[in-house]
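Novice: To start, I am sharing the structure in question, which I have written as structure tokens.
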Amino acid sequence: MPSQTRYSDFDLDFTLNPVTRDIAKKNDKNAIRQAIKNLVLMRKYDIPFRPKVSSQIPESLFDNITGATANILKRAVTYTLENFEPRINVNNVDIATNDDINSVTITVEYTINNTGQTDQYSFNVVRTR
């Protein structure tokens, strides 16, 4: 049986593996979900000398979020994931806004390249200042 490539990354919450007492790993679907959230929350120059690896989500939370703003954010998230996350194909991005607390809920539907499995991931982004 051919072996499938497994995606893995370390847990950015820095939780410890109870057996090895090392930083825990995230595998496959969870690693991809973590990468999606990290890419969407990146600001320009979070990665030195690569300002294009970012999205407009954190900066846009300080604006009045309208339907047009939500459409711009949808295109920005789609662009970021299509260009900087090679493990997935983006099927759909949905932006739901909450004007009262200047937050957005981002839902990404995607297909994992090596398995063909479709998944959906939602997370909230809230202004912190």
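Every chain in the structure tokens has a letter given in the order shown (A, B, ...), and although residue numbers restart at 1 in each chain, ligands are simply numbered from 1 in the order shown.
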Hey, what does DSSP flag as strand (DSSP E) within chain A? Can you give it to me as number ranges by chain?
Specialist: A: 8-10, 25-27, 88-98, 103-112, 118-126
Novice: Mind checking which residues fall within 12 Å of Thr111 (chain A), counting only C-alpha atoms, ignoring those fewer than 3 positions away in the same chain, and posting them as a PyMOL selection string?
Specialist: chain A and resi 29+32-33+81-82+85-92+108+114-121
Novice: Identify, on the basis of only C-alpha atoms, every residue whose closest approach to Asn83 (chain A) does not exceed 9 Å; exclude the query and any residue fewer than 4 positions from it along the same chain; express the result as a PDB file with all heavy atoms, in the first residue's frame.
Specialist:
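Output below, filename out_37.pdb:
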```
ATOM      1  N   VAL A  53       3.153  38.112   2.043  1.00  0.00           N
ATOM      2  CA  VAL A  53       2.593  37.014   2.827  1.00  0.00           C
ATOM      3  C   VAL A  53       1.845  37.635   3.995  1.00  0.00           C
ATOM      4  O   VAL A  53       2.349  37.768   5.106  1.00  0.00           O
ATOM      5  CB  VAL A  53       3.689  36.048   3.332  1.00  0.00           C
ATOM      6  CG1 VAL A  53       3.055  34.898   4.090  1.00  0.00           C
ATOM      7  CG2 VAL A  53       4.512  35.527   2.177  1.00  0.00           C
ATOM      8  N   THR A  78      -8.942  34.739   0.113  1.00  0.00           N
ATOM      9  CA  THR A  78      -8.813  33.786  -0.984  1.00  0.00           C
ATOM     10  C   THR A  78      -7.439  33.912  -1.646  1.00  0.00           C
ATOM     11  O   THR A  78      -6.765  32.905  -1.894  1.00  0.00           O
ATOM     12  CB  THR A  78      -9.926  33.997  -2.024  1.00  0.00           C
ATOM     13  OG1 THR A  78     -11.194  33.874  -1.371  1.00  0.00           O
ATOM     14  CG2 THR A  78      -9.845  32.986  -3.145  1.00  0.00           C
ATOM     15  N   TYR A  79      -7.015  35.131  -1.924  1.00  0.00           N
ATOM     16  CA  TYR A  79      -5.702  35.360  -2.544  1.00  0.00           C
ATOM     17  C   TYR A  79      -4.583  34.813  -1.661  1.00  0.00           C
ATOM     18  O   TYR A  79      -3.675  34.131  -2.135  1.00  0.00           O
ATOM     19  CB  TYR A  79      -5.495  36.855  -2.801  1.00  0.00           C
ATOM     20  CG  TYR A  79      -4.097  37.193  -3.255  1.00  0.00           C
ATOM     21  CD1 TYR A  79      -3.738  37.063  -4.589  1.00  0.00           C
ATOM     22  CD2 TYR A  79      -3.131  37.613  -2.341  1.00  0.00           C
ATOM     23  CE1 TYR A  79      -2.453  37.352  -5.009  1.00  0.00           C
ATOM     24  CE2 TYR A  79      -1.846  37.905  -2.759  1.00  0.00           C
ATOM     25  CZ  TYR A  79      -1.513  37.773  -4.087  1.00  0.00           C
ATOM     26  OH  TYR A  79      -0.235  38.053  -4.501  1.00  0.00           O
TER      27      TYR A  79
END
```
Novice: Write down as a PyMOL selection string the residues of chain A whose backbone DSSP state falls under helix (DSSP H, G or I).
Specialist: chain A and resi 28-41+57-60+67-84
Novice: Kindly indicate which residue among A:Val40, A:Ser103, A:Asn30, A:Pro48 lies nearest to Thr66 (chain A), using only C-alpha atoms for the distances.
Specialist: A:Ser103
